[in-house]
file run-v7.txt (compact mmCIF, C-alpha atoms and all ligand atoms)
# COMPACT_ATOMS: atom_id res chain seq x y z
CA MET A 1 156.11 25.39 83.10
CA PHE A 2 153.73 25.73 80.16
CA ASP A 3 154.17 24.61 76.56
CA SER A 4 153.91 27.51 74.10
CA GLU A 5 152.65 25.16 71.36
CA GLU A 6 149.74 24.14 73.62
CA VAL A 7 149.12 27.79 74.56
CA LYS A 8 149.00 28.74 70.88
CA LYS A 9 146.02 26.41 70.36
CA ASP A 10 143.90 28.72 72.54
CA PHE A 11 144.39 31.62 70.12
CA PRO A 12 141.97 31.37 67.17
CA LEU A 13 143.84 33.92 65.04
CA LEU A 14 147.12 32.07 65.41
CA SER A 15 145.60 28.86 64.08
CA ARG A 16 143.65 30.57 61.31
CA ARG A 17 146.42 32.82 59.99
CA ASP A 18 149.82 31.62 58.95
CA VAL A 19 151.77 34.15 60.95
CA VAL A 20 154.64 34.15 63.42
CA TYR A 21 153.40 37.05 65.51
CA LEU A 22 156.32 38.95 67.05
CA ASP A 23 154.76 42.36 67.73
CA ASN A 24 153.60 41.67 71.26
CA ALA A 25 155.01 44.85 72.75
CA ALA A 26 152.53 46.71 70.53
CA THR A 27 149.57 44.48 71.34
CA THR A 28 148.86 40.80 71.97
CA GLN A 29 146.54 38.25 70.41
CA LYS A 30 143.46 37.09 72.35
CA PRO A 31 142.74 33.58 73.61
CA LYS A 32 139.29 32.05 73.09
CA GLN A 33 138.67 32.34 76.85
CA VAL A 34 138.78 36.16 76.57
CA ILE A 35 136.73 36.24 73.36
CA GLU A 36 134.10 33.94 74.91
CA ALA A 37 133.88 36.03 78.08
CA VAL A 38 133.11 39.14 76.01
CA ILE A 39 130.56 37.25 73.88
CA ASP A 40 128.91 35.87 77.02
CA TYR A 41 128.58 39.38 78.42
CA TYR A 42 127.00 40.65 75.19
CA GLU A 43 124.73 37.66 74.68
CA ASN A 44 123.56 37.06 78.23
CA HIS A 45 124.15 40.01 80.55
CA TYR A 46 124.51 43.24 78.55
CA SER A 47 123.15 46.49 80.00
CA ASN A 48 124.50 49.64 81.62
CA VAL A 49 126.16 49.51 85.04
CA HIS A 50 125.58 51.25 88.38
CA ARG A 51 122.26 52.66 87.16
CA GLY A 52 119.45 50.20 86.89
CA ILE A 53 117.77 48.28 89.66
CA TYR A 54 116.58 45.63 87.24
CA THR A 55 118.23 42.20 87.16
CA LEU A 56 120.27 42.67 83.97
CA SER A 57 121.82 45.89 85.20
CA GLU A 58 122.63 44.29 88.53
CA GLU A 59 124.33 41.42 86.70
CA ALA A 60 126.36 43.80 84.53
CA THR A 61 127.39 45.86 87.57
CA ASP A 62 128.34 42.72 89.41
CA MET A 63 130.47 41.49 86.49
CA TYR A 64 132.17 44.89 86.17
CA GLU A 65 132.99 45.15 89.89
CA LYS A 66 134.06 41.49 90.14
CA ALA A 67 136.40 42.14 87.19
CA ARG A 68 137.84 45.08 89.11
CA GLU A 69 138.41 42.88 92.18
CA ASN A 70 140.08 40.17 90.11
CA ILE A 71 142.37 42.51 88.16
CA ALA A 72 143.25 44.45 91.33
CA ARG A 73 144.28 41.20 93.01
CA PHE A 74 146.36 40.26 89.96
CA VAL A 75 148.46 43.43 90.27
CA GLY A 76 148.83 43.04 94.02
CA LEU A 77 146.31 45.57 95.33
CA ARG A 78 144.78 44.83 98.70
CA ASP A 79 141.87 47.11 98.00
CA ALA A 80 139.92 46.80 94.72
CA SER A 81 138.79 50.42 94.93
CA SER A 82 142.45 51.37 94.37
CA LEU A 83 142.00 50.31 90.73
CA VAL A 84 140.54 52.87 88.33
CA PHE A 85 139.52 51.59 84.93
CA VAL A 86 140.91 53.73 82.12
CA ARG A 87 141.29 53.18 78.37
CA ASN A 88 145.00 52.42 78.50
CA THR A 89 148.36 53.47 79.96
CA THR A 90 148.29 56.65 77.89
CA GLU A 91 145.00 57.74 79.43
CA ALA A 92 146.23 56.91 82.95
CA LEU A 93 149.32 59.08 82.48
CA ASN A 94 147.28 61.92 80.97
CA LEU A 95 144.89 61.73 83.93
CA LEU A 96 147.86 62.04 86.28
CA SER A 97 149.47 64.89 84.35
CA TYR A 98 146.16 66.79 84.37
CA SER A 99 145.33 66.22 88.02
CA LEU A 100 148.80 66.45 89.55
CA GLY A 101 149.64 69.32 87.21
CA THR A 102 147.15 71.57 89.00
CA ARG A 103 149.36 71.31 92.12
CA LEU A 104 152.62 72.24 90.37
CA GLU A 105 154.14 75.70 90.16
CA SER A 106 156.71 77.36 87.99
CA GLY A 107 160.17 75.99 88.82
CA ASP A 108 158.87 72.59 89.98
CA GLU A 109 160.57 69.62 88.37
CA ILE A 110 159.37 66.32 86.96
CA LEU A 111 161.96 63.57 86.71
CA LEU A 112 161.65 61.00 83.91
CA THR A 113 164.22 58.73 82.28
CA GLU A 114 165.78 58.75 78.82
CA MET A 115 164.04 55.49 77.92
CA GLU A 116 160.42 56.67 78.23
CA HIS A 117 157.64 56.02 75.74
CA HIS A 118 156.00 59.16 74.33
CA SER A 119 153.02 58.57 76.60
CA ASN A 120 155.27 59.16 79.61
CA ILE A 121 156.82 62.29 78.09
CA VAL A 122 154.23 64.25 76.12
CA PRO A 123 151.57 64.54 78.91
CA TRP A 124 154.25 66.04 81.19
CA GLN A 125 155.37 68.43 78.47
CA PHE A 126 151.86 69.93 78.59
CA LEU A 127 152.90 71.36 81.97
CA GLN A 128 155.94 73.20 80.60
CA SER A 129 153.68 76.14 79.70
CA LYS A 130 153.30 76.83 83.43
CA GLY A 131 157.06 76.83 83.97
CA VAL A 132 157.45 73.22 85.08
CA ARG A 133 160.84 71.74 84.13
CA ILE A 134 161.29 68.17 82.90
CA ARG A 135 164.55 66.37 83.57
CA TYR A 136 165.70 62.97 82.34
CA ALA A 137 167.81 60.41 84.18
CA LYS A 138 170.53 58.94 81.98
CA LEU A 139 171.08 55.38 80.82
CA THR A 140 174.25 53.33 81.17
CA GLU A 141 176.24 52.04 78.18
CA SER A 142 174.43 48.72 78.41
CA GLY A 143 171.00 50.35 78.24
CA LEU A 144 170.07 50.11 81.91
CA LEU A 145 168.87 53.06 83.95
CA ASP A 146 171.73 54.94 85.62
CA VAL A 147 170.24 54.99 89.11
CA ASP A 148 173.05 57.20 90.48
CA ASP A 149 172.29 59.80 87.85
CA LEU A 150 168.59 59.62 88.69
CA VAL A 151 169.27 60.07 92.39
CA SER A 152 171.64 62.97 91.69
CA LYS A 153 168.82 64.75 89.84
CA ILE A 154 166.47 64.64 92.82
CA ASN A 155 166.30 67.96 94.64
CA ARG A 156 163.88 70.12 96.61
CA ARG A 157 162.08 71.16 93.42
CA THR A 158 161.45 67.57 92.24
CA LYS A 159 157.73 66.91 92.65
CA ILE A 160 157.06 63.90 90.43
CA LEU A 161 159.11 60.86 89.42
CA SER A 162 157.60 58.91 86.54
CA VAL A 163 159.46 55.88 85.12
CA SER A 164 158.73 52.90 82.94
CA HIS A 165 158.93 49.54 84.66
CA VAL A 166 160.20 47.87 81.46
CA SER A 167 161.42 49.69 78.33
CA ASN A 168 159.50 48.95 75.13
CA VAL A 169 162.68 49.37 73.06
CA LEU A 170 165.61 48.14 75.15
CA GLY A 171 163.63 45.71 77.29
CA SER A 172 165.49 47.04 80.33
CA ILE A 173 163.79 46.29 83.64
CA ASN A 174 164.00 49.20 86.07
CA PRO A 175 164.39 48.81 89.85
CA VAL A 176 161.09 50.54 90.49
CA LYS A 177 160.75 49.48 94.13
CA GLU A 178 164.06 51.11 94.97
CA LEU A 179 163.22 54.21 92.92
CA CYS A 180 159.83 54.63 94.58
CA SER A 181 161.45 54.35 97.97
CA TYR A 182 163.83 57.23 97.07
CA ALA A 183 160.82 59.20 95.92
CA ARG A 184 158.92 58.49 99.14
CA ASP A 185 161.91 59.54 101.30
CA ASN A 186 162.04 62.82 99.41
CA GLY A 187 158.29 63.56 99.43
CA ILE A 188 158.05 63.01 95.64
CA VAL A 189 154.98 61.53 93.95
CA SER A 190 156.06 58.28 92.25
CA ILE A 191 154.48 56.90 89.08
CA VAL A 192 155.32 53.69 87.24
CA ASP A 193 154.41 53.04 83.60
CA GLY A 194 153.81 49.30 83.70
CA ALA A 195 152.62 48.86 80.09
CA GLN A 196 155.43 46.39 79.34
CA ALA A 197 155.64 44.85 82.81
CA VAL A 198 152.20 43.63 83.95
CA PRO A 199 151.81 41.39 80.86
CA HIS A 200 155.22 39.77 81.27
CA MET A 201 156.18 39.34 84.94
CA PRO A 202 154.71 39.20 88.42
CA VAL A 203 153.81 42.73 89.50
CA ASN A 204 152.77 43.67 93.00
CA VAL A 205 151.88 47.35 93.10
CA ASP A 206 151.48 47.45 96.88
CA GLU A 207 154.98 45.99 97.30
CA ILE A 208 156.53 48.37 94.77
CA GLY A 209 155.18 51.15 96.97
CA CYS A 210 154.53 53.65 94.18
CA ASP A 211 151.76 56.24 94.41
CA PHE A 212 150.42 55.33 90.96
CA TYR A 213 150.90 52.44 88.51
CA ALA A 214 149.53 52.37 84.94
CA PHE A 215 148.95 49.45 82.55
CA SER A 216 147.06 48.48 79.37
CA GLY A 217 144.76 45.46 78.94
CA HIS A 218 145.37 44.94 75.22
CA LYS A 219 149.05 44.15 75.84
CA MET A 220 148.12 41.31 78.20
CA LEU A 221 145.60 39.28 76.19
CA GLY A 222 142.69 41.57 77.08
CA PRO A 223 140.48 43.69 74.81
CA SER A 224 141.54 47.11 73.53
CA GLY A 225 140.21 50.19 75.29
CA ILE A 226 140.58 48.92 78.85
CA GLY A 227 143.47 49.46 81.22
CA GLY A 228 144.21 50.29 84.80
CA LEU A 229 145.41 53.12 86.95
CA ALA A 230 146.30 51.63 90.30
CA GLY A 231 147.04 53.97 93.17
CA LYS A 232 147.47 54.26 96.87
CA PRO A 233 143.99 55.00 98.27
CA GLU A 234 145.08 58.30 99.83
CA ALA A 235 146.95 59.36 96.67
CA LEU A 236 143.88 58.66 94.51
CA ASP A 237 141.65 60.42 97.03
CA GLU A 238 143.70 63.60 96.75
CA LEU A 239 143.55 63.73 92.93
CA ILE A 240 141.00 65.99 91.29
CA PRO A 241 138.85 64.25 88.65
CA PHE A 242 140.06 64.24 85.07
CA MET A 243 136.68 64.19 83.34
CA GLY A 244 133.24 65.23 84.52
CA GLY A 245 129.85 63.72 83.71
CA GLY A 246 127.64 60.84 84.71
CA GLU A 247 128.83 58.09 87.09
CA MET A 248 131.51 60.24 88.75
CA ILE A 249 129.24 62.50 90.81
CA ARG A 250 127.51 62.30 94.18
CA THR A 251 125.32 65.39 93.80
CA VAL A 252 124.85 68.01 91.08
CA THR A 253 123.10 71.36 91.23
CA TYR A 254 123.03 74.07 88.57
CA GLU A 255 125.80 75.76 90.52
CA SER A 256 128.18 72.98 91.54
CA SER A 257 128.79 69.26 92.07
CA THR A 258 130.24 66.86 94.58
CA TYR A 259 132.07 63.77 93.46
CA ALA A 260 131.70 60.06 94.00
CA ASP A 261 134.35 58.17 95.93
CA VAL A 262 137.40 56.62 94.26
CA PRO A 263 137.42 54.81 91.85
CA LEU A 264 134.13 56.02 90.32
CA LYS A 265 135.29 59.64 90.71
CA PHE A 266 137.59 58.92 87.74
CA GLU A 267 135.18 56.89 85.64
CA ALA A 268 132.93 59.49 84.07
CA GLY A 269 130.40 58.22 81.53
CA THR A 270 129.41 54.69 80.60
CA PRO A 271 132.48 52.54 81.16
CA ASN A 272 133.96 49.78 79.01
CA VAL A 273 132.23 46.93 80.85
CA GLU A 274 132.96 44.33 78.18
CA GLY A 275 136.61 45.41 78.28
CA ALA A 276 136.77 44.89 82.02
CA VAL A 277 135.07 41.48 81.73
CA GLY A 278 137.48 40.45 78.96
CA LEU A 279 140.51 41.68 80.87
CA SER A 280 139.39 39.73 83.91
CA ALA A 281 139.30 36.57 81.76
CA ALA A 282 142.79 37.47 80.45
CA VAL A 283 144.05 37.77 84.01
CA ASN A 284 142.60 34.34 84.81
CA TYR A 285 144.39 32.92 81.79
CA LEU A 286 147.75 34.43 82.80
CA ARG A 287 147.28 33.40 86.42
CA ARG A 288 146.76 29.82 85.29
CA LEU A 289 150.09 29.89 83.40
CA GLY A 290 151.79 31.57 86.36
CA MET A 291 153.49 34.94 85.92
CA GLN A 292 156.84 33.56 87.12
CA ASN A 293 156.59 31.01 84.30
CA VAL A 294 155.69 33.73 81.80
CA LYS A 295 158.78 35.67 82.85
CA LYS A 296 160.99 32.59 82.72
CA HIS A 297 159.64 31.65 79.27
CA GLU A 298 160.51 35.08 77.87
CA MET A 299 163.93 35.06 79.52
CA ASP A 300 164.66 31.69 77.89
CA LEU A 301 163.57 32.99 74.48
CA MET A 302 165.72 36.09 74.90
CA GLN A 303 168.72 34.02 75.94
CA HIS A 304 168.13 31.78 72.92
CA ILE A 305 168.09 34.77 70.58
CA LEU A 306 171.26 36.24 72.11
CA ASN A 307 173.00 32.85 71.80
CA LEU A 308 171.95 32.60 68.15
CA GLU A 309 173.24 36.13 67.59
CA ASP A 310 176.67 34.95 68.76
CA GLU A 311 176.55 31.66 66.87
CA MET A 312 175.20 32.90 63.55
CA SER A 313 177.26 36.12 63.25
CA ILE A 314 174.69 37.74 60.97
CA ARG A 315 176.55 40.42 59.03
CA ASN A 316 176.00 43.96 60.38
CA LEU A 317 173.35 42.78 62.87
CA ARG A 318 173.25 45.10 65.81
CA SER A 319 170.83 44.77 68.72
CA TYR A 320 170.12 47.10 71.62
CA GLY A 321 169.53 46.69 75.33
CA PRO A 322 171.17 44.79 78.19
CA ARG A 323 172.80 41.43 77.39
CA ASP A 324 171.99 40.05 80.82
CA VAL A 325 168.51 38.56 80.41
CA THR A 326 167.79 38.79 84.13
CA HIS A 327 167.52 42.57 83.58
CA ARG A 328 165.57 42.34 80.38
CA GLY A 329 162.06 41.62 79.11
CA GLY A 330 161.23 39.85 75.85
CA VAL A 331 161.90 42.79 73.55
CA TYR A 332 164.56 42.61 70.83
CA ALA A 333 165.24 45.86 68.96
CA PHE A 334 167.79 45.54 66.18
CA ASN A 335 169.17 46.89 62.94
CA ILE A 336 171.16 45.55 60.06
CA GLY A 337 173.87 48.16 59.58
CA ASN A 338 173.75 51.65 60.99
CA GLN A 339 170.55 53.64 60.72
CA PRO A 340 171.83 57.15 61.40
CA SER A 341 169.29 59.64 62.65
CA PHE A 342 169.97 62.14 59.86
CA SER A 343 167.87 62.18 56.72
CA VAL A 344 168.47 59.69 53.92
CA ASP A 345 169.04 62.65 51.56
CA ASP A 346 172.15 63.55 53.56
CA LEU A 347 173.84 60.22 53.01
CA SER A 348 177.04 60.42 51.07
CA GLU A 349 178.36 57.68 48.79
CA ASP A 350 180.44 56.04 51.48
CA SER A 351 177.84 56.30 54.24
CA THR A 352 177.09 53.29 56.44
CA LEU A 353 173.61 52.93 54.98
CA ALA A 354 175.16 52.68 51.53
CA ARG A 355 177.52 50.03 52.90
CA GLY A 356 175.06 47.18 53.33
CA ALA A 357 172.63 48.63 55.83
CA ILE A 358 169.00 47.67 55.37
CA HIS A 359 166.29 50.06 56.48
CA PRO A 360 164.16 48.63 59.34
CA HIS A 361 160.98 49.07 57.27
CA ASP A 362 162.58 46.98 54.54
CA ILE A 363 163.59 44.34 57.11
CA ALA A 364 160.01 44.27 58.42
CA ALA A 365 158.65 44.02 54.86
CA GLU A 366 161.04 41.15 54.05
CA LEU A 367 160.10 39.36 57.29
CA ASN A 368 156.44 39.88 56.44
CA LYS A 369 156.98 38.12 53.10
CA ARG A 370 158.17 35.15 55.18
CA GLY A 371 155.09 35.30 57.43
CA ILE A 372 156.83 36.98 60.38
CA ALA A 373 155.25 40.09 61.89
CA VAL A 374 157.62 42.56 63.59
CA ARG A 375 157.45 46.29 64.20
CA SER A 376 159.78 48.87 62.68
CA GLY A 377 160.07 52.58 63.35
CA HIS A 378 160.74 54.75 66.38
CA HIS A 379 158.47 52.71 68.69
CA CYS A 380 156.99 55.90 70.21
CA ALA A 381 160.39 56.63 71.74
CA MET A 382 161.85 59.26 69.42
CA PRO A 383 164.03 60.86 72.11
CA LEU A 384 165.60 57.46 72.89
CA MET A 385 166.19 56.83 69.17
CA GLY A 386 167.96 60.19 68.98
CA LEU A 387 170.07 59.27 72.01
CA LEU A 388 171.10 56.01 70.33
CA GLY A 389 171.95 57.98 67.18
CA LEU A 390 169.25 56.17 65.23
CA ALA A 391 166.27 57.09 63.12
CA ALA A 392 164.57 53.76 63.72
CA THR A 393 164.99 50.09 64.54
CA ALA A 394 163.16 46.89 63.78
CA ARG A 395 161.75 45.14 66.87
CA ALA A 396 160.66 41.61 67.61
CA SER A 397 158.78 41.13 70.87
CA PHE A 398 157.76 37.82 72.35
CA TYR A 399 154.93 36.34 74.39
CA ILE A 400 153.52 33.12 75.76
CA TYR A 401 152.53 31.62 72.38
CA ASN A 402 156.00 32.12 70.87
CA GLY A 403 158.45 29.28 71.15
CA LYS A 404 162.09 28.66 70.30
CA SER A 405 161.03 27.49 66.83
CA ASP A 406 159.63 31.01 66.20
CA VAL A 407 162.97 32.51 67.25
CA ASP A 408 164.81 30.07 64.96
CA LEU A 409 162.59 30.99 61.99
CA PHE A 410 163.05 34.67 62.74
CA MET A 411 166.84 34.47 62.99
CA SER A 412 167.19 32.32 59.84
CA ALA A 413 165.06 34.86 57.99
CA LEU A 414 167.33 37.65 59.27
CA LEU A 415 170.36 35.76 58.02
CA GLU A 416 168.79 35.46 54.57
CA ILE A 417 167.77 39.11 54.52
CA SER A 418 171.24 40.23 55.58
CA ARG A 419 172.67 38.27 52.63
CA GLY A 420 170.22 39.98 50.29
CA LEU A 421 168.39 36.73 49.51
C1 LIG A 501 156.39 51.48 77.91
C2 LIG A 501 155.07 51.89 77.31
N1 LIG A 501 154.35 52.85 77.88
C3 LIG A 501 153.17 53.23 77.42
C4 LIG A 501 152.64 52.68 76.29
C5 LIG A 501 151.31 53.15 75.78
O1 LIG A 501 150.39 52.13 75.84
P1 LIG A 501 148.93 52.34 75.26
O2 LIG A 501 149.08 52.65 73.80
O3 LIG A 501 148.24 51.06 75.52
O4 LIG A 501 148.35 53.49 76.00
C6 LIG A 501 153.35 51.69 75.62
C7 LIG A 501 152.83 51.10 74.37
O5 LIG A 501 153.53 50.57 73.57
C8 LIG A 501 154.59 51.27 76.15
O6 LIG A 501 155.31 50.32 75.55

call {"tool": "encode", "arguments": {"input": "run-v7.txt", "output": "structure tokens", "more": "lines below"}}
Ligand SMILES: Cc1ncc(COP(=O)(O)O)c(C=O)c1O
result
Amino acid sequence: MFDSEEVKKDFPLLSRRDVVYLDNAATTQKPKQVIEAVIDYYENHYSNVHRGIYTLSEEATDMYEKARENIARFVGLRDASSLVFVRNTTEALNLLSYSLGTRLESGDEILLTEMEHHSNIVPWQFLQSKGVRIRYAKLTESGLLDVDDLVSKINRRTKILSVSHVSNVLGSINPVKELCSYARDNGIVSIVDGAQAVPHMPVNVDEIGCDFYAFSGHKMLGPSGIGGLAGKPEALDELIPFMGGGEMIRTVTYESSTYADVPLKFEAGTPNVEGAVGLSAAVNYLRRLGMQNVKKHEMDLMQHILNLEDEMSIRNLRSYGPRDVTHRGGVYAFNIGNQPSFSVDDLSEDSTLARGAIHPHDIAAELNKRGIAVRSGHHCAMPLMGLLGLAATARASFYIYNGKSDVDLFMSALLEISRGL
């Protein structure tokens, strides 16, 4: 097991700035190993990839493709060419909506869940104009996916199942292997949004058995603007390209073009080589800690926070998501008092907000005054907020450099804030 205080020393920002950083579901801080890898690429190897036959270009290409191999291995892919570099999870899901969308017809159905992030809703809504219907599997009272409901919504018209691996609001971990096996049995294309999973737990895409798996580098210690779309080789092969241009072609005439093989078919234009190199260093860092240990560390922190919740009885504190930490990632969404989803102007004198509720933005601002950074708002999950009857929540999310002392500081600050101190 690793020591989060030792880990923290690798993160320059965390030693320079006096901050308890608890917004890791949004993005993570970067260790010096990642920063140095990017600097090394710029200072010693920088050039364009796949194009030059001079030494520098060969070095850059080699670093880019070695990064692909390393990251592919990290997410359990046997074949590195099954990993397409994209900007982030959002781009991966848009690529899939665009490419798979060309195969869908009016009346076809896409099955999502009620806990999805906007990036796994909005790209599919683009297809509604051609008559495609989107359905949502329900959640249970405790904030887990209702698998029976999901299965009951599968029918002959269901063509795509796209689910988050871990919810960015509730923290719920979904049984994606089981879900993808249902999809396979029913001839449905399966997609997993792994934005909140790959950074926090061991993920083996080949074992999950999905057709496609998306993740973002910036949420796992890597640079911004680099992420992955992993896919089964045959599933990637069958997709039409998302963007056209340099790098992705085999031949071009004035009349038509043929495309490069996967993955380059999906990597039009000059790619984010430094991003890939940095993400590869991030993967090395996480591998050294051990992803089982990362998961265990976050489970311990979450259990600690739930225990403190019980012990401290902070007035009006309400948190969301499963109480059983074995089904939950390190995400803690909460409110002090009710935050009804109707407008503040509608609140009557005796409304719950008037009775001691504190708006999540105010909680975040108060925490910020105490040097604690958390997110507040709808967390890009407005439909889920509506379902919970909320306009917004505050959210603390944890990572490898957070320890129990951070949780203690955070909970004591919440106690103070709830008392209006
Ligand atoms: C579950 C989930 N999916 C998708 C995304 C989108 O990630 P990105 O902004 O890196 O594309 C996020 C980001 O918060 C997320 O939490």

call {"tool": "residues_around", "arguments": {"input": "run-v7.txt", "residues": "range 113-126 of chain A", "least_positions_apart": "6", "cutoff": "6 Å", "atoms": "all atoms listed in the file", "output": "count of residues only"}}
result
9

call {"tool": "closest_atom_pairs", "arguments": {"input": "run-v7.txt", "of": "chain A", "to": "ligand LIG 501 (chain A)", "cutoff": "10 Å", "atoms": "all atoms listed in the file", "output": "Markdown table"}}
result
| residue | atom | partner | partner_atom | distance |
| --- | --- | --- | --- | --- |
| A:Asn24 | CA | A:LIG501 | O5 | 9.2 |
| A:Ala25 | CA | A:LIG501 | O5 | 6.0 |
| A:Ala26 | CA | A:LIG501 | O5 | 5.0 |
| A:Thr27 | CA | A:LIG501 | O5 | 7.6 |
| A:Val86 | CA | A:LIG501 | O4 | 9.6 |
| A:Arg87 | CA | A:LIG501 | O4 | 7.5 |
| A:Asn88 | CA | A:LIG501 | O4 | 4.3 |
| A:Thr89 | CA | A:LIG501 | O4 | 4.0 |
| A:Thr90 | CA | A:LIG501 | O4 | 3.7 |
| A:Glu91 | CA | A:LIG501 | O4 | 6.4 |
| A:Ala92 | CA | A:LIG501 | O4 | 8.0 |
| A:Leu93 | CA | A:LIG501 | O4 | 8.6 |
| A:Asn94 | CA | A:LIG501 | O4 | 9.8 |
| A:Met115 | CA | A:LIG501 | C1 | 8.6 |
| A:Glu116 | CA | A:LIG501 | C1 | 6.6 |
| A:His117 | CA | A:LIG501 | N1 | 5.0 |
| A:His118 | CA | A:LIG501 | C3 | 7.3 |
| A:Ser119 | CA | A:LIG501 | C3 | 5.4 |
| A:Asn120 | CA | A:LIG501 | N1 | 6.6 |
| A:Ile121 | CA | A:LIG501 | N1 | 9.8 |
| A:Val163 | CA | A:LIG501 | C1 | 9.0 |
| A:Ser164 | CA | A:LIG501 | C1 | 5.7 |
| A:His165 | CA | A:LIG501 | C1 | 7.5 |
| A:Val166 | CA | A:LIG501 | C1 | 6.3 |
| A:Ser167 | CA | A:LIG501 | C1 | 5.4 |
| A:Asn168 | CA | A:LIG501 | O6 | 4.4 |
| A:Val169 | CA | A:LIG501 | O6 | 7.8 |
| A:Gly171 | CA | A:LIG501 | C1 | 9.3 |
| A:Val192 | CA | A:LIG501 | N1 | 9.4 |
| A:Asp193 | CA | A:LIG501 | N1 | 5.7 |
| A:Gly194 | CA | A:LIG501 | C1 | 6.7 |
| A:Ala195 | CA | A:LIG501 | C2 | 4.8 |
| A:Gln196 | CA | A:LIG501 | C1 | 5.4 |
| A:Ala197 | CA | A:LIG501 | C1 | 8.3 |
| A:Ala214 | CA | A:LIG501 | C3 | 8.4 |
| A:Phe215 | CA | A:LIG501 | O3 | 7.2 |
| A:Ser216 | CA | A:LIG501 | O3 | 4.8 |
| A:Gly217 | CA | A:LIG501 | O3 | 7.4 |
| A:His218 | CA | A:LIG501 | O3 | 6.8 |
| A:Lys219 | CA | A:LIG501 | O3 | 7.0 |
| A:Ser224 | CA | A:LIG501 | O3 | 8.0 |
| A:Gly225 | CA | A:LIG501 | O3 | 8.1 |
| A:Ile226 | CA | A:LIG501 | O3 | 8.6 |
| A:Gly227 | CA | A:LIG501 | O3 | 7.6 |
| A:His379 | CA | A:LIG501 | O5 | 7.3 |
| A:Cys380 | CA | A:LIG501 | O5 | 7.2 |
| A:Ala381 | CA | A:LIG501 | O6 | 9.0 |

call {"tool": "atom_distance", "arguments": {"input": "run-v7.txt", "atom1": "CA of Gly420 in chain A", "atom2": "CA of Ser397 in chain A"}}
result
23.6 Å

call {"tool": "closest_residue", "arguments": {"input": "run-v7.txt", "among": "A:Ala282, A:Ile363, A:Leu306, A:Leu236", "to": "Thr28 in chain A", "atoms": "only C-alpha atoms"}}
result
A:Ala282

call {"tool": "closest_residue", "arguments": {"input": "run-v7.txt", "among": "A:Ser376, A:Ser15, A:Ser81, A:Ser4", "to": "Leu264 in chain A", "atoms": "only C-alpha atoms"}}
result
A:Ser81

call {"tool": "residues_around", "arguments": {"input": "run-v7.txt", "residues": "Val203 in chain A", "least_positions_apart": "4", "cutoff": "7 Å", "atoms": "all atoms listed in the file", "output": "list in words"}}
result
Val75, Gly76 and Val198 of chain A

call {"tool": "residues_around", "arguments": {"input": "run-v7.txt", "residues": "Asp40 in chain A", "least_positions_apart": "6", "cutoff": "10 Å", "atoms": "all atoms listed in the file", "output": "list in words"}}
result
Val34, Tyr46, Glu274, Val277 and Gly278 of chain A

call {"tool": "closest_residue", "arguments": {"input": "run-v7.txt", "among": "A:Leu22, A:Leu388, A:Val294, A:Leu415", "to": "Asn316 in chain A", "atoms": "only C-alpha atoms"}}
result
A:Leu415

call {"tool": "residues_around", "arguments": {"input": "run-v7.txt", "residues": "Tyr285 in chain A", "least_positions_apart": "3", "cutoff": "12 Å", "atoms": "only C-alpha atoms", "output": "MDAnalysis selection string"}}
result
chainID A and resid 2 7 10:11 30:35 37 70:71 74 199 220:222 278:282 288:291 294 400

call {"tool": "write_last_selection", "arguments": {"input": "run-v7.txt", "atoms": "C-alpha atoms", "output": "short mmCIF file (atom, residue, chain, number, x, y, z; two decimals), in the frame of the given file"}}
result
data_model
loop_
_atom_site.label_atom_id
_atom_site.label_comp_id
_atom_site.auth_asym_id
_atom_site.auth_seq_id
_atom_site.Cartn_x
_atom_site.Cartn_y
_atom_site.Cartn_z
CA PHE A 2 153.73 25.73 80.16
CA VAL A 7 149.12 27.79 74.56
CA ASP A 10 143.90 28.72 72.54
CA PHE A 11 144.39 31.62 70.12
CA LYS A 30 143.46 37.09 72.35
CA PRO A 31 142.74 33.58 73.61
CA LYS A 32 139.29 32.05 73.09
CA GLN A 33 138.67 32.34 76.85
CA VAL A 34 138.78 36.16 76.57
CA ILE A 35 136.73 36.24 73.36
CA ALA A 37 133.88 36.03 78.08
CA ASN A 70 140.08 40.17 90.11
CA ILE A 71 142.37 42.51 88.16
CA PHE A 74 146.36 40.26 89.96
CA PRO A 199 151.81 41.39 80.86
CA MET A 220 148.12 41.31 78.20
CA LEU A 221 145.60 39.28 76.19
CA GLY A 222 142.69 41.57 77.08
CA GLY A 278 137.48 40.45 78.96
CA LEU A 279 140.51 41.68 80.87
CA SER A 280 139.39 39.73 83.91
CA ALA A 281 139.30 36.57 81.76
CA ALA A 282 142.79 37.47 80.45
CA ARG A 288 146.76 29.82 85.29
CA LEU A 289 150.09 29.89 83.40
CA GLY A 290 151.79 31.57 86.36
CA MET A 291 153.49 34.94 85.92
CA VAL A 294 155.69 33.73 81.80
CA ILE A 400 153.52 33.12 75.76
#

call {"tool": "atom_distance", "arguments": {"input": "run-v7.txt", "atom1": "CA of Asn48 in chain A", "atom2": "CA of Asn272 in chain A"}}
result
9.8 Å

call {"tool": "atom_distance", "arguments": {"input": "run-v7.txt", "atom1": "CA of Ala413 in chain A", "atom2": "CA of Ser319 in chain A"}}
result
15.7 Å

call {"tool": "closest_residue", "arguments": {"input": "run-v7.txt", "among": "A:Asp146, A:Lys159, A:Val38, A:Arg328", "to": "Ile110 in chain A", "atoms": "all atoms listed in the file"}}
result
A:Lys159

call {"tool": "axis_aligned_box", "arguments": {"input": "run-v7.txt", "around": "range 219-224 of chain A", "padding_each_side": "4 Å", "output": "AutoDock Vina command-line options"}}
result
--center_x 144.8 --center_y 43.2 --center_z 75.9 --size_x 16.6 --size_y 15.8 --size_z 12.7
